[in-house]
Amino acid sequence: MSPDARPRKQVHLAAHFPGVNNTTVWADPPAGRPTFPELSTPFEQGIPHSPAGGTSPGSSLGSQIDFASFVHLARTAERGRFDFFFLAEGLRLREHKGRIHDLDVLGRPESLTVLNALAAVTERLGLAGTVSATFNEPYELARRFASLDHLSGGRAAWNIVTTSDAFTGENFRRGGYLDHADRYTRAAEFLATARALWDSGPAGGPPRQVDHSGRHFAVRGEFGVARSPQGHPVVIQAGDSAEGREFAASAADVIFTRHSGPEAGRAFYADVKRRLPAYGRRPEDLKIMPGVTFVLGDTLAEAQERAVEIRRQQVSPQTALLTLEQVWGVDLSSYDPDGPLPDIDPDPHGELAQGRVRIADPQAVADRWRALSRAKGLSIRETVIETTGRQSFVGTPDSVAREMDHFVQSDAADGFILVPHLTPDGLDPFVERVVPLLQERGVHRTEYTGTTLRSHLGLPDPARPARKD
């Protein structure tokens, strides 16, 4: 069936609370970025933390950890009838050349704690948190997510991530190192065990015994939390590798991915959806929602000008060199950010960055960036700006609504996870100016029709397996 002949798809929307990587614009006055005179260099002053351990009203640190900020963004998303609110999380502040990464947030509360608190001040909005399958145990984490699902009335979601680096593992007793090849096998067993626990909870009868013995986990006993309102919390998976795509096709409800444009989006969409039948699943059983940004203006020219300004704020000269060093694996501080890319090849064994996902083929990335730089005459900073941004919708509210709708109707995505560049009120303009236009087009709800996150996403409740005893 052609896209024009079939019923129009709904545009699913979620909101990501920003604060890591180079999305948040700390230097923008509404973000209230603090400066610390005792830090000697502009690069060091980019670290959004207070050496004294405190915060000042309106500071970017305050906006990143104050509960009022989480409440504001979540309620804005709920006012826009979004599917869910999404929190990312890291288990260790990343380092670059032995210093804390300048774009990490120090002091961010633990995600599930924040989401449980948000359950009390929202009514329908889904609540999604990132938690690693590497540094947790199935019984304990299944219990925490089942509890959130009960407290929220069926609105919990787990973004399951894997962690394979020893640097992060230094915070954990067992040393934490997990071979890269094992990270998805552990995650798959972790999720299967958690789902067995969720299914075992009492639902009008006695709890079922769980008896699991596998390569990574051994669980034997009864789960003390009743089966939750939506059966299982929604499972989100982030990963674009072949392993990640297969894991998502087999087990996830939503994919949080990253597209560079509609063609790449359609290719990814088609590849993942074609994998589903092998697991007895339908295309509508898995929602693909890339993380995207947006910039609005009263005219296209105004929006484009503002978008250029934002990207230059997001990628400072220091950030451009830092990003380049993550690819090249060597110190490039002697290079001019406004000059050409290095003519030396990357060191595939370079260890300047700690706590970041390693680039699988740095030479291929360097070759691609050099070709782009030569073709367009781009400097280091300009190359980083062009190659590291998310899919961004830039224009008037009407043009952004039309482009987003076309993206979904042409099977480049099922919806979007919006990552605003300001905290906490960066989502407000989208909800006020774009959401009403999507509603007028008939592709976004005007009211919630269900109470659970699964109902918002159009996902079936998981069937409870028959008792074996």
# chains A, B, ... in the order shown; residues from 1 in each chain; ligands from 1

$ residues_around --residues "Leu276 of chain A" --least-positions-apart "4" --cutoff "7 Å" --atoms "only C-alpha atoms" --output "CSV table (one decimal) with all heavy atoms, in the first residue's frame"
chain,number,residue,atom,x,y,z
A,249,ALA,N,14.7,-5.6,17.6
A,249,ALA,CA,13.7,-6.3,16.9
A,249,ALA,C,13.2,-7.5,17.7
A,249,ALA,O,12.0,-7.8,17.7
A,249,ALA,CB,14.3,-6.8,15.6
A,250,SER,N,14.0,-8.1,18.5
A,250,SER,CA,13.6,-9.2,19.3
A,250,SER,C,12.9,-8.9,20.6
A,250,SER,O,12.0,-9.6,21.0
A,250,SER,CB,14.8,-10.1,19.6
A,250,SER,OG,15.7,-9.4,20.6
A,280,GLY,N,8.2,-13.2,15.4
A,280,GLY,CA,6.7,-13.3,15.6
A,280,GLY,C,6.1,-11.9,15.9
A,280,GLY,O,5.0,-11.9,16.5
A,281,ARG,N,6.7,-10.9,15.4
A,281,ARG,CA,6.2,-9.5,15.7
A,281,ARG,C,5.8,-8.8,14.5
A,281,ARG,O,6.2,-9.0,13.4
A,281,ARG,CB,7.3,-8.7,16.5
A,281,ARG,CG,7.9,-9.4,17.7
A,281,ARG,CD,8.9,-8.5,18.4
A,281,ARG,NE,8.3,-7.4,19.0
A,281,ARG,CZ,8.9,-6.3,19.5
A,281,ARG,NH1,10.2,-6.3,19.3
A,281,ARG,NH2,8.3,-5.3,20.1
A,282,ARG,N,4.8,-7.8,14.7
A,282,ARG,CA,4.3,-7.0,13.6
A,282,ARG,C,5.0,-5.7,13.5
A,282,ARG,O,5.6,-5.3,14.6
A,282,ARG,CB,2.8,-6.8,13.8
A,282,ARG,CG,2.0,-8.0,14.0
A,282,ARG,CD,0.6,-7.7,14.5
A,282,ARG,NE,0.7,-6.9,15.7
A,282,ARG,CZ,-0.3,-6.2,16.3
A,282,ARG,NH1,-1.5,-6.1,15.6
A,282,ARG,NH2,-0.2,-5.6,17.4
A,283,PRO,N,5.0,-5.0,12.4
A,283,PRO,CA,5.7,-3.7,12.3
A,283,PRO,C,5.2,-2.7,13.4
A,283,PRO,O,6.0,-1.9,13.9
A,283,PRO,CB,5.4,-3.2,10.9
A,283,PRO,CG,5.1,-4.4,10.1
A,283,PRO,CD,4.5,-5.4,11.1

$ residues_around --residues "segment 180-193 of chain A" --least-positions-apart "2" --cutoff "6 Å" --atoms "only C-alpha atoms" --output "PyMOL selection string"
chain A and resi 133+138+162+164+195-196

$ closest_atom_pairs --of "segment 197-316 of chain A" --to "segment 76-92 of chain A" --cutoff "12 Å" --atoms "only C-alpha atoms" --output "JSON lines"
{"residue": "A:Val234", "atom": "CA", "partner": "A:Phe84", "partner_atom": "CA", "distance": 10.5}
{"residue": "A:Ile236", "atom": "CA", "partner": "A:Phe86", "partner_atom": "CA", "distance": 10.1}
{"residue": "A:Gln237", "atom": "CA", "partner": "A:Ala88", "partner_atom": "CA", "distance": 12.0}
{"residue": "A:Ala238", "atom": "CA", "partner": "A:Ala88", "partner_atom": "CA", "distance": 10.9}
{"residue": "A:Val254", "atom": "CA", "partner": "A:Phe84", "partner_atom": "CA", "distance": 11.4}
{"residue": "A:Phe256", "atom": "CA", "partner": "A:Phe86", "partner_atom": "CA", "distance": 10.2}
{"residue": "A:Lys287", "atom": "CA", "partner": "A:Asp83", "partner_atom": "CA", "distance": 11.6}
{"residue": "A:Met289", "atom": "CA", "partner": "A:Asp83", "partner_atom": "CA", "distance": 11.2}
{"residue": "A:Gly291", "atom": "CA", "partner": "A:Phe86", "partner_atom": "CA", "distance": 10.7}

$ write_last_selection --atoms "all heavy atoms" --output "short mmCIF file (atom, residue, chain, number, x, y, z; two decimals), in the first residue's frame"
data_model
loop_
_atom_site.label_atom_id
_atom_site.label_comp_id
_atom_site.auth_asym_id
_atom_site.auth_seq_id
_atom_site.Cartn_x
_atom_site.Cartn_y
_atom_site.Cartn_z
N VAL A 234 7.23 -0.48 29.54
CA VAL A 234 7.68 -0.37 28.15
C VAL A 234 9.20 -0.43 28.12
O VAL A 234 9.88 0.15 28.97
CB VAL A 234 7.18 0.96 27.54
CG1 VAL A 234 7.89 1.27 26.22
CG2 VAL A 234 5.67 0.90 27.34
N ILE A 236 12.62 0.44 26.10
CA ILE A 236 13.25 1.28 25.07
C ILE A 236 14.68 0.81 24.89
O ILE A 236 15.34 0.42 25.86
CB ILE A 236 13.22 2.76 25.49
CG1 ILE A 236 11.79 3.21 25.80
CG2 ILE A 236 13.84 3.65 24.42
CD1 ILE A 236 11.71 4.59 26.45
N GLN A 237 15.16 0.84 23.67
CA GLN A 237 16.53 0.42 23.39
C GLN A 237 17.19 1.45 22.50
O GLN A 237 16.56 1.95 21.56
CB GLN A 237 16.54 -0.96 22.74
CG GLN A 237 17.91 -1.61 22.67
CD GLN A 237 18.64 -1.29 21.38
OE1 GLN A 237 18.02 -0.95 20.37
NE2 GLN A 237 19.96 -1.39 21.40
N ALA A 238 18.42 1.81 22.82
CA ALA A 238 19.17 2.77 22.02
C ALA A 238 20.42 2.09 21.46
O ALA A 238 21.27 1.65 22.23
CB ALA A 238 19.56 3.98 22.86
N VAL A 254 10.32 0.30 21.86
CA VAL A 254 10.67 1.59 21.24
C VAL A 254 12.17 1.59 20.99
O VAL A 254 12.94 1.09 21.80
CB VAL A 254 10.31 2.78 22.17
CG1 VAL A 254 10.76 4.10 21.56
CG2 VAL A 254 8.81 2.82 22.46
N PHE A 256 15.21 4.29 20.49
CA PHE A 256 15.70 5.67 20.56
C PHE A 256 16.96 5.70 19.70
O PHE A 256 18.00 5.18 20.08
CB PHE A 256 15.99 6.04 22.00
CG PHE A 256 16.60 7.40 22.19
CD1 PHE A 256 16.21 8.48 21.42
CD2 PHE A 256 17.56 7.61 23.18
CE1 PHE A 256 16.77 9.74 21.61
CE2 PHE A 256 18.11 8.86 23.39
CZ PHE A 256 17.72 9.93 22.60
N LYS A 287 8.09 0.86 17.93
CA LYS A 287 8.07 2.25 17.50
C LYS A 287 9.50 2.77 17.36
O LYS A 287 10.32 2.60 18.28
CB LYS A 287 7.30 3.12 18.49
CG LYS A 287 5.89 2.63 18.80
CD LYS A 287 5.02 2.53 17.56
CE LYS A 287 3.63 2.03 17.93
NZ LYS A 287 2.80 1.77 16.72
N MET A 289 11.75 6.00 17.19
CA MET A 289 11.64 7.40 17.57
C MET A 289 13.04 8.01 17.70
O MET A 289 13.68 7.89 18.74
CB MET A 289 10.86 7.54 18.87
CG MET A 289 9.43 7.00 18.79
SD MET A 289 8.49 7.12 20.32
CE MET A 289 8.33 8.91 20.51
N GLY A 291 15.99 10.72 18.28
CA GLY A 291 16.17 11.96 19.02
C GLY A 291 16.42 13.10 18.06
O GLY A 291 17.29 13.01 17.19
#

$ closest_residue --among "A:Ala74, A:Ala401, A:Ala68, A:Ile310" --to "Leu422 of chain A" --atoms "only C-alpha atoms"
A:Ile310

$ closest_atom_pairs --of "segment 240-259 of chain A" --to "segment 448-463 of chain A" --cutoff "12 Å" --atoms "only C-alpha atoms" --output "tab-separated table"
residue	atom	partner	partner_atom	distance
A:Ala251	CA	A:Pro462	CA	11.7
A:Ala252	CA	A:Leu459	CA	11.2
A:Asp253	CA	A:Leu459	CA	7.7
A:Val254	CA	A:Leu457	CA	9.0

$ write_last_selection --atoms "C-alpha atoms" --output "short mmCIF file (atom, residue, chain, number, x, y, z; two decimals), in the first residue's frame"
data_model
loop_
_atom_site.label_atom_id
_atom_site.label_comp_id
_atom_site.auth_asym_id
_atom_site.auth_seq_id
_atom_site.Cartn_x
_atom_site.Cartn_y
_atom_site.Cartn_z
CA ALA A 251 12.75 -7.48 22.55
CA ALA A 252 12.19 -3.70 22.51
CA ASP A 253 8.97 -1.67 22.30
CA VAL A 254 10.67 1.59 21.24
#

$ closest_residue --among "A:Gly389, A:Pro277, A:Pro18, A:Gly129" --to "Glu110 of chain A" --atoms "only C-alpha atoms"
A:Gly129

$ closest_residue --among "A:Gly415, A:Gly244, A:Pro317, A:Pro420" --to "Ser333 of chain A" --atoms "only C-alpha atoms"
A:Pro317

$ closest_residue --among "A:Leu127, A:Val327, A:Ala146, A:Leu141" --to "Ala360 of chain A" --atoms "only C-alpha atoms"
A:Val327

$ closest_residue --among "A:Ile255, A:Val114, A:Val400, A:Ala194" --to "Phe217 of chain A" --atoms "only C-alpha atoms"
A:Ala194

$ select_by_dssp --residues "segment 146-395 of chain A" --states "strand (DSSP E)" --output "NGL selection string"
:A and (156-161 or 209-213 or 218-222 or 234-237 or 254-257 or 287-296 or 353-354 or 391-395)

$ atom_distance --atom1 "atom CA of Phe223 of chain A" --atom2 "atom CA of Trp198 of chain A"
7.6 Å

$ select_by_dssp --residues "segment 207-377 of chain A" --states "alpha helix (DSSP H)" --output "VMD selection string"
chain A and resid 242 to 251 262 to 275 300 to 314 317 to 328 362 to 376
